[in-house]
Amino acid sequence: MLFVVALMAIGYYFFVKPSEFEVNLKAKTIPGDLIGTIRIWNRSLDSARIVQVDSFNSLKQTIILGDRNYKYDWNFVTVNDSLTEVNIQITQPGRMLLNKLLIPFTNQDIEKDAKDIVSGFYEILKEHLRITRVELIGEVELDSSFCVCRSLETSQIEKANGMMKDYPLLTSFIANFNLKTAGPPIVKIGTWRHNLGELKFDFCFPIIEQDSLPVIDSLFYRKFKKKKVLKAEYYGNYITSDRAWYALLYYAEKNGYKVDSFPIEYFHNNPNLGMRESEWKAEVFLPLKDEHNE
């Protein structure tokens, strides 16, 4: 009987177990924020690509180091709103059986590379969490506003760069036609493809509505109605303000709220004025349907 069990264990290890090596860690954030951080970190690597994102449960990534090609399969399990368990299954195509044979007895490249790769990511994650903070406020009513806007389409991590690029256009338009501003810049997300990390959004400046308004082809006017929302306050680099989106979605699901549309962001600081990133503030709102389950 013991021999059969041992034979089954050996068979599983060599022919069923999906990876040669795995890493486990705990992160003091939620899966969406981890996925966003991996996307930013992935861009800093010389030869890496995110192959697939499966909702908030997993992410598949390929990494090439010299002549070594690896597949990293990240899996996320939410413990609570401030802790996620992360399991990383690592394989090296073409060496799976050889690695499985040698790893129990020798230190292989897949192990040494994994230590360097995961440690590098974890340092970036710690720095991200050090300079960002999300405070959940809860259900509030968002006032109506009238805005001049420009539509943009970017990757999720390029949203802030898109805003910075069009900031002079909007501010110049307002100044040239003597329009009166009525609040901080707004981003209204129209389409959010989380799995692909893609966005379509309107970048807007609230202004005082008046009878006669100038018209140019590249801009348009939009009125936001008063709306019941969930609110969070985000502090940190605006590149990662979507961390608050994930926090709000988690809060909504946990508390039975029905979400009506994608997030709205109000940006209260100009990054060009030299403030520390940790002091940049954005109010982030998640629109709700008129009713929710108590």
# chains A, B, ... in the order shown; residues from 1 in each chain; ligands from 1
$ residues_around --residues "Glu158 in chain A" --least-positions-apart "6" --cutoff "12 Å" --atoms "only C-alpha atoms" --output "number ranges by chain"
A: 36, 39-40, 43, 152, 164-165, 197-201, 238-242
$ write_last_selection --atoms "C-alpha atoms" --output "PDB file, in the first residue's frame"
ATOM      1  CA  GLY A  36      -2.177  46.839 -11.743  1.00  0.00           C
ATOM      2  CA  ARG A  39       1.339  45.543 -15.225  1.00  0.00           C
ATOM      3  CA  ILE A  40       3.500  48.550 -14.327  1.00  0.00           C
ATOM      4  CA  ARG A  43       6.912  47.279 -18.456  1.00  0.00           C
ATOM      5  CA  LEU A 152      -9.463  59.685 -24.718  1.00  0.00           C
ATOM      6  CA  MET A 164      -1.292  65.429 -18.749  1.00  0.00           C
ATOM      7  CA  LYS A 165      -1.058  65.574 -22.534  1.00  0.00           C
ATOM      8  CA  GLY A 197      -6.085  46.887 -19.162  1.00  0.00           C
ATOM      9  CA  GLU A 198      -7.815  49.236 -21.636  1.00  0.00           C
ATOM     10  CA  LEU A 199      -9.891  52.390 -21.070  1.00  0.00           C
ATOM     11  CA  LYS A 200     -12.097  54.868 -22.854  1.00  0.00           C
ATOM     12  CA  PHE A 201     -12.814  57.964 -20.794  1.00  0.00           C
ATOM     13  CA  TYR A 238      -2.317  59.471 -10.128  1.00  0.00           C
ATOM     14  CA  ILE A 239      -0.963  56.690 -12.357  1.00  0.00           C
ATOM     15  CA  THR A 240      -2.300  54.220  -9.778  1.00  0.00           C
ATOM     16  CA  SER A 241      -5.506  55.981  -8.762  1.00  0.00           C
ATOM     17  CA  ASP A 242      -7.322  52.915 -10.114  1.00  0.00           C
TER      18      ASP A 242
END
$ closest_residue --among "A:Leu288, A:Phe220, A:Val140, A:His268" --to "Glu253 in chain A" --atoms "only C-alpha atoms"
A:Leu288
$ atom_distance --atom1 "CA of Lys60 in chain A" --atom2 "CA of Trp41 in chain A"
13.9 Å
$ residues_around --residues "range 52-57 of chain A" --least-positions-apart "4" --cutoff "10 Å" --atoms "only C-alpha atoms" --output "JSON, numbers by chain"
{"A": [30, 31, 32, 33, 34, 35, 61, 62, 73, 74, 75, 76, 77, 78, 86, 193, 194, 195, 196, 197, 246]}
$ write_last_selection --atoms "N, CA and C atoms" --output "mmCIF file, in the first residue's frame"
data_model
loop_
_atom_site.group_PDB
_atom_site.id
_atom_site.type_symbol
_atom_site.label_atom_id
_atom_site.label_comp_id
_atom_site.auth_asym_id
_atom_site.auth_seq_id
_atom_site.Cartn_x
_atom_site.Cartn_y
_atom_site.Cartn_z
ATOM 1 N N ILE A 30 -5.404 44.310 -2.330
ATOM 2 C CA ILE A 30 -6.391 43.443 -2.966
ATOM 3 C C ILE A 30 -5.911 43.024 -4.353
ATOM 4 N N PRO A 31 -6.489 41.950 -4.938
ATOM 5 C CA PRO A 31 -5.981 41.423 -6.209
ATOM 6 C C PRO A 31 -5.927 42.448 -7.345
ATOM 7 N N GLY A 32 -6.937 43.301 -7.473
ATOM 8 C CA GLY A 32 -6.919 44.287 -8.545
ATOM 9 C C GLY A 32 -5.713 45.189 -8.478
ATOM 10 N N ASP A 33 -5.359 45.611 -7.280
ATOM 11 C CA ASP A 33 -4.181 46.461 -7.108
ATOM 12 C C ASP A 33 -2.906 45.697 -7.451
ATOM 13 N N LEU A 34 -2.863 44.421 -7.098
ATOM 14 C CA LEU A 34 -1.706 43.590 -7.455
ATOM 15 C C LEU A 34 -1.563 43.468 -8.970
ATOM 16 N N ILE A 35 -2.675 43.248 -9.646
ATOM 17 C CA ILE A 35 -2.630 43.115 -11.101
ATOM 18 C C ILE A 35 -2.139 44.412 -11.730
ATOM 19 N N GLN A 61 2.015 35.360 -17.275
ATOM 20 C CA GLN A 61 3.093 36.238 -17.737
ATOM 21 C C GLN A 61 4.237 35.391 -18.274
ATOM 22 N N THR A 62 4.891 35.865 -19.334
ATOM 23 C CA THR A 62 6.113 35.228 -19.812
ATOM 24 C C THR A 62 7.286 36.171 -19.563
ATOM 25 N N ASP A 73 2.610 31.947 -13.621
ATOM 26 C CA ASP A 73 1.157 31.889 -13.464
ATOM 27 C C ASP A 73 0.822 32.378 -12.053
ATOM 28 N N TRP A 74 0.348 33.653 -11.979
ATOM 29 C CA TRP A 74 0.035 34.283 -10.704
ATOM 30 C C TRP A 74 -1.408 33.965 -10.324
ATOM 31 N N ASN A 75 -1.629 33.544 -9.083
ATOM 32 C CA ASN A 75 -2.975 33.231 -8.596
ATOM 33 C C ASN A 75 -3.222 33.992 -7.298
ATOM 34 N N PHE A 76 -4.417 34.591 -7.198
ATOM 35 C CA PHE A 76 -4.723 35.472 -6.078
ATOM 36 C C PHE A 76 -5.942 34.960 -5.307
ATOM 37 N N VAL A 77 -5.814 34.923 -3.994
ATOM 38 C CA VAL A 77 -6.931 34.565 -3.116
ATOM 39 C C VAL A 77 -7.108 35.693 -2.105
ATOM 40 N N THR A 78 -8.286 36.334 -2.127
ATOM 41 C CA THR A 78 -8.558 37.444 -1.213
ATOM 42 C C THR A 78 -8.842 36.914 0.183
ATOM 43 N N VAL A 86 -0.869 35.166 -2.450
ATOM 44 C CA VAL A 86 -0.410 35.069 -3.834
ATOM 45 C C VAL A 86 0.385 33.778 -3.994
ATOM 46 N N ARG A 193 -11.991 47.784 -19.769
ATOM 47 C CA ARG A 193 -11.720 46.366 -20.031
ATOM 48 C C ARG A 193 -10.586 45.934 -19.108
ATOM 49 N N HIS A 194 -10.957 45.543 -17.900
ATOM 50 C CA HIS A 194 -9.955 45.198 -16.889
ATOM 51 C C HIS A 194 -9.028 44.090 -17.373
ATOM 52 N N ASN A 195 -9.592 43.060 -18.005
ATOM 53 C CA ASN A 195 -8.764 41.922 -18.416
ATOM 54 C C ASN A 195 -7.701 42.331 -19.428
ATOM 55 N N LEU A 196 -7.994 43.345 -20.237
ATOM 56 C CA LEU A 196 -7.037 43.827 -21.233
ATOM 57 C C LEU A 196 -6.284 45.067 -20.768
ATOM 58 N N GLY A 197 -6.724 45.671 -19.658
ATOM 59 C CA GLY A 197 -6.085 46.887 -19.162
ATOM 60 C C GLY A 197 -6.314 48.076 -20.083
ATOM 61 N N TYR A 246 -10.669 49.429 -7.487
ATOM 62 C CA TYR A 246 -10.757 48.054 -6.995
ATOM 63 C C TYR A 246 -11.268 48.006 -5.556
#
$ residues_around --residues "range 175-177 of chain A" --least-positions-apart "2" --cutoff "12 Å" --atoms "only C-alpha atoms" --output "ChimeraX atom specification"
/A:168-173,179-181,205,207,212-216
$ write_last_selection --atoms "C-alpha atoms" --output "PDB file, in the first residue's frame"
ATOM      1  CA  PRO A 168      -2.892  72.384 -21.686  1.00  0.00           C
ATOM      2  CA  LEU A 169      -5.580  72.109 -24.372  1.00  0.00           C
ATOM      3  CA  LEU A 170      -8.434  72.280 -21.882  1.00  0.00           C
ATOM      4  CA  THR A 171      -6.921  74.976 -19.673  1.00  0.00           C
ATOM      5  CA  SER A 172      -6.036  77.119 -22.706  1.00  0.00           C
ATOM      6  CA  PHE A 173      -9.570  76.783 -24.071  1.00  0.00           C
ATOM      7  CA  LEU A 179     -14.859  80.636 -19.026  1.00  0.00           C
ATOM      8  CA  LYS A 180     -15.168  80.222 -15.263  1.00  0.00           C
ATOM      9  CA  THR A 181     -14.033  76.946 -13.727  1.00  0.00           C
ATOM     10  CA  PHE A 205     -13.063  70.499 -16.547  1.00  0.00           C
ATOM     11  CA  ILE A 207     -17.220  75.205 -15.756  1.00  0.00           C
ATOM     12  CA  SER A 212     -23.567  81.013 -25.240  1.00  0.00           C
ATOM     13  CA  LEU A 213     -20.529  78.743 -25.309  1.00  0.00           C
ATOM     14  CA  PRO A 214     -17.666  78.521 -27.829  1.00  0.00           C
ATOM     15  CA  VAL A 215     -17.396  75.408 -29.988  1.00  0.00           C
ATOM     16  CA  ILE A 216     -14.292  73.644 -31.326  1.00  0.00           C
TER      17      ILE A 216
END
$ decode --residues "range 3-121 of chain A" --atoms "C-alpha atoms" --output "PDB file, in the first residue's frame"
ATOM      1  CA  PHE A   3       4.507   1.586  -2.363  1.00  0.00           C
ATOM      2  CA  VAL A   4       1.336   2.437  -4.317  1.00  0.00           C
ATOM      3  CA  VAL A   5       0.958   5.768  -2.509  1.00  0.00           C
ATOM      4  CA  ALA A   6       4.601   6.606  -3.195  1.00  0.00           C
ATOM      5  CA  LEU A   7       4.192   5.659  -6.852  1.00  0.00           C
ATOM      6  CA  MET A   8       1.096   7.873  -7.155  1.00  0.00           C
ATOM      7  CA  ALA A   9       2.935  10.780  -5.533  1.00  0.00           C
ATOM      8  CA  ILE A  10       5.859  10.399  -7.935  1.00  0.00           C
ATOM      9  CA  GLY A  11       3.478  10.199 -10.885  1.00  0.00           C
ATOM     10  CA  TYR A  12       1.678  13.347  -9.778  1.00  0.00           C
ATOM     11  CA  TYR A  13       4.956  15.240  -9.264  1.00  0.00           C
ATOM     12  CA  PHE A  14       6.371  14.413 -12.697  1.00  0.00           C
ATOM     13  CA  PHE A  15       3.300  14.243 -14.907  1.00  0.00           C
ATOM     14  CA  VAL A  16       0.417  16.172 -13.278  1.00  0.00           C
ATOM     15  CA  LYS A  17       1.875  18.971 -11.146  1.00  0.00           C
ATOM     16  CA  PRO A  18       1.592  22.067 -13.388  1.00  0.00           C
ATOM     17  CA  SER A  19       4.933  23.667 -12.523  1.00  0.00           C
ATOM     18  CA  GLU A  20       8.460  22.880 -11.501  1.00  0.00           C
ATOM     19  CA  PHE A  21       8.703  25.594  -8.875  1.00  0.00           C
ATOM     20  CA  GLU A  22       6.332  27.853  -6.956  1.00  0.00           C
ATOM     21  CA  VAL A  23       6.522  30.907  -4.741  1.00  0.00           C
ATOM     22  CA  ASN A  24       3.987  31.924  -2.090  1.00  0.00           C
ATOM     23  CA  LEU A  25       3.673  35.361  -0.537  1.00  0.00           C
ATOM     24  CA  LYS A  26       1.157  37.621   1.197  1.00  0.00           C
ATOM     25  CA  ALA A  27       0.415  41.147  -0.004  1.00  0.00           C
ATOM     26  CA  LYS A  28      -1.276  43.858   2.040  1.00  0.00           C
ATOM     27  CA  THR A  29      -3.671  44.876  -0.714  1.00  0.00           C
ATOM     28  CA  ILE A  30      -6.391  43.443  -2.966  1.00  0.00           C
ATOM     29  CA  PRO A  31      -5.981  41.423  -6.209  1.00  0.00           C
ATOM     30  CA  GLY A  32      -6.919  44.287  -8.545  1.00  0.00           C
ATOM     31  CA  ASP A  33      -4.181  46.461  -7.108  1.00  0.00           C
ATOM     32  CA  LEU A  34      -1.706  43.590  -7.455  1.00  0.00           C
ATOM     33  CA  ILE A  35      -2.630  43.115 -11.101  1.00  0.00           C
ATOM     34  CA  GLY A  36      -2.177  46.839 -11.743  1.00  0.00           C
ATOM     35  CA  THR A  37       1.218  46.812 -10.033  1.00  0.00           C
ATOM     36  CA  ILE A  38       2.329  43.752 -12.016  1.00  0.00           C
ATOM     37  CA  ARG A  39       1.339  45.543 -15.225  1.00  0.00           C
ATOM     38  CA  ILE A  40       3.500  48.550 -14.327  1.00  0.00           C
ATOM     39  CA  TRP A  41       6.414  46.371 -13.180  1.00  0.00           C
ATOM     40  CA  ASN A  42       6.139  44.213 -16.318  1.00  0.00           C
ATOM     41  CA  ARG A  43       6.912  47.279 -18.456  1.00  0.00           C
ATOM     42  CA  SER A  44      10.214  47.754 -16.630  1.00  0.00           C
ATOM     43  CA  LEU A  45      11.452  44.279 -17.585  1.00  0.00           C
ATOM     44  CA  ASP A  46      13.500  43.830 -20.760  1.00  0.00           C
ATOM     45  CA  SER A  47      11.642  40.836 -22.190  1.00  0.00           C
ATOM     46  CA  ALA A  48       8.347  40.207 -20.443  1.00  0.00           C
ATOM     47  CA  ARG A  49       4.733  40.049 -21.557  1.00  0.00           C
ATOM     48  CA  ILE A  50       1.394  39.677 -19.818  1.00  0.00           C
ATOM     49  CA  VAL A  51      -0.414  36.961 -21.737  1.00  0.00           C
ATOM     50  CA  GLN A  52      -3.745  36.775 -19.935  1.00  0.00           C
ATOM     51  CA  VAL A  53      -5.634  38.309 -17.030  1.00  0.00           C
ATOM     52  CA  ASP A  54      -8.532  36.249 -15.686  1.00  0.00           C
ATOM     53  CA  SER A  55     -10.752  38.724 -13.840  1.00  0.00           C
ATOM     54  CA  PHE A  56      -9.251  39.215 -10.359  1.00  0.00           C
ATOM     55  CA  ASN A  57      -8.218  35.578  -9.890  1.00  0.00           C
ATOM     56  CA  SER A  58      -5.090  35.070 -11.959  1.00  0.00           C
ATOM     57  CA  LEU A  59      -2.552  36.515 -14.366  1.00  0.00           C
ATOM     58  CA  LYS A  60      -0.270  34.727 -16.808  1.00  0.00           C
ATOM     59  CA  GLN A  61       3.093  36.238 -17.737  1.00  0.00           C
ATOM     60  CA  THR A  62       6.113  35.228 -19.812  1.00  0.00           C
ATOM     61  CA  ILE A  63       9.613  36.384 -18.835  1.00  0.00           C
ATOM     62  CA  ILE A  64      12.834  35.865 -20.797  1.00  0.00           C
ATOM     63  CA  LEU A  65      16.236  36.074 -19.095  1.00  0.00           C
ATOM     64  CA  GLY A  66      19.054  35.541 -21.573  1.00  0.00           C
ATOM     65  CA  ASP A  67      18.424  32.138 -23.118  1.00  0.00           C
ATOM     66  CA  ARG A  68      15.964  31.103 -20.392  1.00  0.00           C
ATOM     67  CA  ASN A  69      12.235  31.386 -21.063  1.00  0.00           C
ATOM     68  CA  TYR A  70       9.771  31.228 -18.146  1.00  0.00           C
ATOM     69  CA  LYS A  71       6.024  31.169 -17.676  1.00  0.00           C
ATOM     70  CA  TYR A  72       4.710  32.769 -14.484  1.00  0.00           C
ATOM     71  CA  ASP A  73       1.157  31.889 -13.464  1.00  0.00           C
ATOM     72  CA  TRP A  74       0.035  34.283 -10.704  1.00  0.00           C
ATOM     73  CA  ASN A  75      -2.975  33.231  -8.596  1.00  0.00           C
ATOM     74  CA  PHE A  76      -4.723  35.472  -6.078  1.00  0.00           C
ATOM     75  CA  VAL A  77      -6.931  34.565  -3.116  1.00  0.00           C
ATOM     76  CA  THR A  78      -8.558  37.444  -1.213  1.00  0.00           C
ATOM     77  CA  VAL A  79      -8.305  37.037   2.555  1.00  0.00           C
ATOM     78  CA  ASN A  80      -9.917  40.401   3.367  1.00  0.00           C
ATOM     79  CA  ASP A  81      -9.944  43.987   2.044  1.00  0.00           C
ATOM     80  CA  SER A  82      -6.297  44.479   3.013  1.00  0.00           C
ATOM     81  CA  LEU A  83      -4.670  41.085   2.472  1.00  0.00           C
ATOM     82  CA  THR A  84      -4.239  38.746  -0.506  1.00  0.00           C
ATOM     83  CA  GLU A  85      -2.498  35.391  -0.664  1.00  0.00           C
ATOM     84  CA  VAL A  86      -0.410  35.069  -3.834  1.00  0.00           C
ATOM     85  CA  ASN A  87       0.725  31.785  -5.364  1.00  0.00           C
ATOM     86  CA  ILE A  88       3.087  31.883  -8.367  1.00  0.00           C
ATOM     87  CA  GLN A  89       3.464  28.701 -10.432  1.00  0.00           C
ATOM     88  CA  ILE A  90       6.675  28.863 -12.504  1.00  0.00           C
ATOM     89  CA  THR A  91       7.576  26.692 -15.470  1.00  0.00           C
ATOM     90  CA  GLN A  92      10.471  26.630 -17.942  1.00  0.00           C
ATOM     91  CA  PRO A  93       9.242  25.294 -21.303  1.00  0.00           C
ATOM     92  CA  GLY A  94      11.462  22.522 -22.643  1.00  0.00           C
ATOM     93  CA  ARG A  95      12.969  21.742 -19.236  1.00  0.00           C
ATOM     94  CA  MET A  96       9.966  20.750 -17.160  1.00  0.00           C
ATOM     95  CA  LEU A  97      10.858  17.101 -16.583  1.00  0.00           C
ATOM     96  CA  LEU A  98      14.575  17.831 -16.202  1.00  0.00           C
ATOM     97  CA  ASN A  99      13.884  20.598 -13.678  1.00  0.00           C
ATOM     98  CA  LYS A 100      11.547  18.357 -11.707  1.00  0.00           C
ATOM     99  CA  LEU A 101      14.227  15.682 -11.642  1.00  0.00           C
ATOM    100  CA  LEU A 102      17.064  18.008 -10.538  1.00  0.00           C
ATOM    101  CA  ILE A 103      15.349  20.551  -8.237  1.00  0.00           C
ATOM    102  CA  PRO A 104      15.074  18.197  -5.231  1.00  0.00           C
ATOM    103  CA  PHE A 105      18.855  17.671  -5.324  1.00  0.00           C
ATOM    104  CA  THR A 106      20.418  20.799  -6.887  1.00  0.00           C
ATOM    105  CA  ASN A 107      19.787  24.531  -7.123  1.00  0.00           C
ATOM    106  CA  GLN A 108      18.575  25.187 -10.664  1.00  0.00           C
ATOM    107  CA  ASP A 109      18.381  28.454 -12.640  1.00  0.00           C
ATOM    108  CA  ILE A 110      14.590  28.467 -12.368  1.00  0.00           C
ATOM    109  CA  GLU A 111      14.899  28.752  -8.578  1.00  0.00           C
ATOM    110  CA  LYS A 112      17.645  31.384  -8.575  1.00  0.00           C
ATOM    111  CA  ASP A 113      15.886  33.477 -11.228  1.00  0.00           C
ATOM    112  CA  ALA A 114      12.565  33.211  -9.405  1.00  0.00           C
ATOM    113  CA  LYS A 115      14.144  34.579  -6.226  1.00  0.00           C
ATOM    114  CA  ASP A 116      15.512  37.606  -8.088  1.00  0.00           C
ATOM    115  CA  ILE A 117      12.359  38.207 -10.148  1.00  0.00           C
ATOM    116  CA  VAL A 118       9.846  37.907  -7.315  1.00  0.00           C
ATOM    117  CA  SER A 119      12.050  39.897  -4.919  1.00  0.00           C
ATOM    118  CA  GLY A 120      12.281  42.678  -7.495  1.00  0.00           C
ATOM    119  CA  PHE A 121       8.514  42.765  -7.878  1.00  0.00           C
TER     120      PHE A 121
END
